[in-house]
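A quick write-up on the structure given underneath.
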Amino acid sequence: MVRAVAIVGYQETGKTKIVEGLVRELSKRGYRVATVKHVVERGFSIDRPDKDTWRHARAGARVVVSLAPRELATIERRSAKLEEVLRGLEKSDFVIIEGFKGLKNSAKIVAARSKADLRKLADEFTIASVGVRKAGLPAFELKHVKRLADLVERRVPPVLPEIDCKHCGYKTCREFALAVIAGKRRWDGCPTLQERVILTVDGRQVFLNPFIQDMIAGAIVGILSSLKGAKGERIELKVVKRAG
Ligand code: SF4
């Protein structure tokens with residue numbers, strides 16, 4: 001279950017230092033941590049015109065992979081939504097995002113130098129501020145990274161399916177996320193994410209509410225019980241639609 005928190009703020013507010021501190025501390029605690037950096041510069045590329053990879057892409061390769069003894073880099077020349085990127089990082093426990101000031105419906109920590117900036121950037125999804133205080137919001141200094149990591153562990157909700165199935169007792173995924181952020185609900189309280197059945201369509205995961213998961217699991221296990229040699233804990237079924 002991947003959980004994401006964005007570190008937002010204007011320039012020179014220490015966002016990268018906060019990201020570094022959280023990555024170090026959460027990794028030390030045994031979590032698998034990934035990061036995403038928002039780059040606003042149009043035309044930005046991590047590739048360089050003097051590299052072979054650049055020439056591969058210029059010749060028309062849609063995906064260019066650079067495989068070195070200690071690094072694997074995949075470059076795709078296309079735009080993507082953050083949600084898509086987060087779903088691709090599902091093997092991580094935490095994704096620390098640097099930037100995305102306008103991000104909605106996602107836990108965030110605001111780094112600010114003035115109360116006015118904090119007011120502009122903080123919303124109901126803000127779990128803490130760094131640098132400036134605001135009544136009712138936990139405030140930290142850069143040196144308090146351990147305490148900030150404690151808060152991230154408790155108050156950052158998982159990336160939710162947005163299917164509003166109500167099985168957690170809240171009407172919407174958004175309400176559940178706000179309850180976690182406010183400390184009223186544990187972060188792992190979404191039953192839909194406790195997956196028994198994982199459905200992917202053309203490689204994309206389709207989230208199923210617990211009722212549908214139970215129904216599918218019951219039917220498949222029932223069928224398998226009548227088949228010889230089909231006993232086991234982990235069952236994988238692939239359905240390929242015939243053309244026409
Ligand atoms: S159970 Fe999970 S998927 Fe369903 S509304 Fe609650 S948070 Fe959303």
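Every chain in the structure tokens has a letter given in the order shown (A, B, ...), and although residue numbers restart at 1 in each chain, ligands are simply numbered from 1 in the order shown.
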
Residues at most 12 Å from Val239 in chain A, counting only C-alpha atoms, excluding those fewer than 5 positions away in the same chain, as a count of residues only? 4

Which residues come within 8 Å of Ile7 in chain A, counting only C-alpha atoms, excluding same-chain residues fewer than 5 positions away, as a PyMOL selection string? chain A and resi 15+18-19+96-99+108-111

Kindly save the residues from that selection, with C-alpha atoms included, as a PDB file, in the first residue's frame.
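Saved file result-v4.pdb follows:
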```pdb
ATOM      1  CA  LYS A  15      11.929  21.659   0.391  1.00  0.00           C
ATOM      2  CA  ILE A  18      13.009  18.164   4.034  1.00  0.00           C
ATOM      3  CA  VAL A  19      12.755  15.505   1.297  1.00  0.00           C
ATOM      4  CA  ILE A  96       7.918  11.762  -1.074  1.00  0.00           C
ATOM      5  CA  ILE A  97       6.966  14.322  -3.698  1.00  0.00           C
ATOM      6  CA  GLU A  98       8.874  17.583  -4.047  1.00  0.00           C
ATOM      7  CA  GLY A  99       6.700  20.332  -5.471  1.00  0.00           C
ATOM      8  CA  LYS A 108       1.211  17.752   2.140  1.00  0.00           C
ATOM      9  CA  ILE A 109       3.798  19.464   4.297  1.00  0.00           C
ATOM     10  CA  VAL A 110       4.170  23.182   3.640  1.00  0.00           C
ATOM     11  CA  ALA A 111       7.634  24.766   3.825  1.00  0.00           C
TER      12      ALA A 111
END
```

Ligand 1: which residues are within 10 Å, counting only C-alpha atoms and all ligand atoms? Reply as a PyMOL selection string. chain A and resi 157-177+187-194+207-210

Strand (DSSP E) residues, from DSSP on the backbone, in range 32-195 of chain A, as a VMD selection string: chain A and resid 33 to 37 63 to 68 71 to 76 94 to 98 107 to 111 126 to 130 139 to 140

Run DSSP on the backbone of this structure and report the residues of range 14-237 of chain A it assigns to alpha helix (DSSP H), as a VMD selection string. chain A and resid 15 to 28 52 to 58 82 to 88 115 to 121 145 to 155 173 to 181 210 to 225

How many Å separate CA of Glu141 in chain A from CA of Leu178 in chain A? 24.0 Å

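What separates CA of Arg113 in chain A from CA of Phe140 in chain A is a distance of 12.5 Å.
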
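The nearest approach to Glu84 in chain A among the residues A:Val197, A:Ala116, A:Pro49, A:Gln205, with only C-alpha atoms taken into account, belongs to A:Gln205.
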
Residue among A:Lys28, A:Lys134, A:Arg147, A:Arg58 lying closest to Ala122 in chain A, counting only C-alpha atoms: A:Lys134

Which residue, A:Thr74, A:Ser114, A:Ser226, A:Asn105, has the smallest gap to Gly131 in chain A when you use only C-alpha atoms? A:Ser114

For CA of Glu124 in chain A and CA of Arg154 in chain A, quote the distance in Å rounded to one decimal. 16.3 Å

As a PyMOL selection string, please: the residues near Ser92 in chain A (cut-off 6 Å, only C-alpha atoms, same-chain neighbours under 6 positions excluded). chain A and resi 2+32-33

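Shortest atom-to-atom contact with Val40 in chain A among A:Arg186, A:Lys101, A:Arg70, A:His56: A:Lys101, counting only C-alpha atoms.
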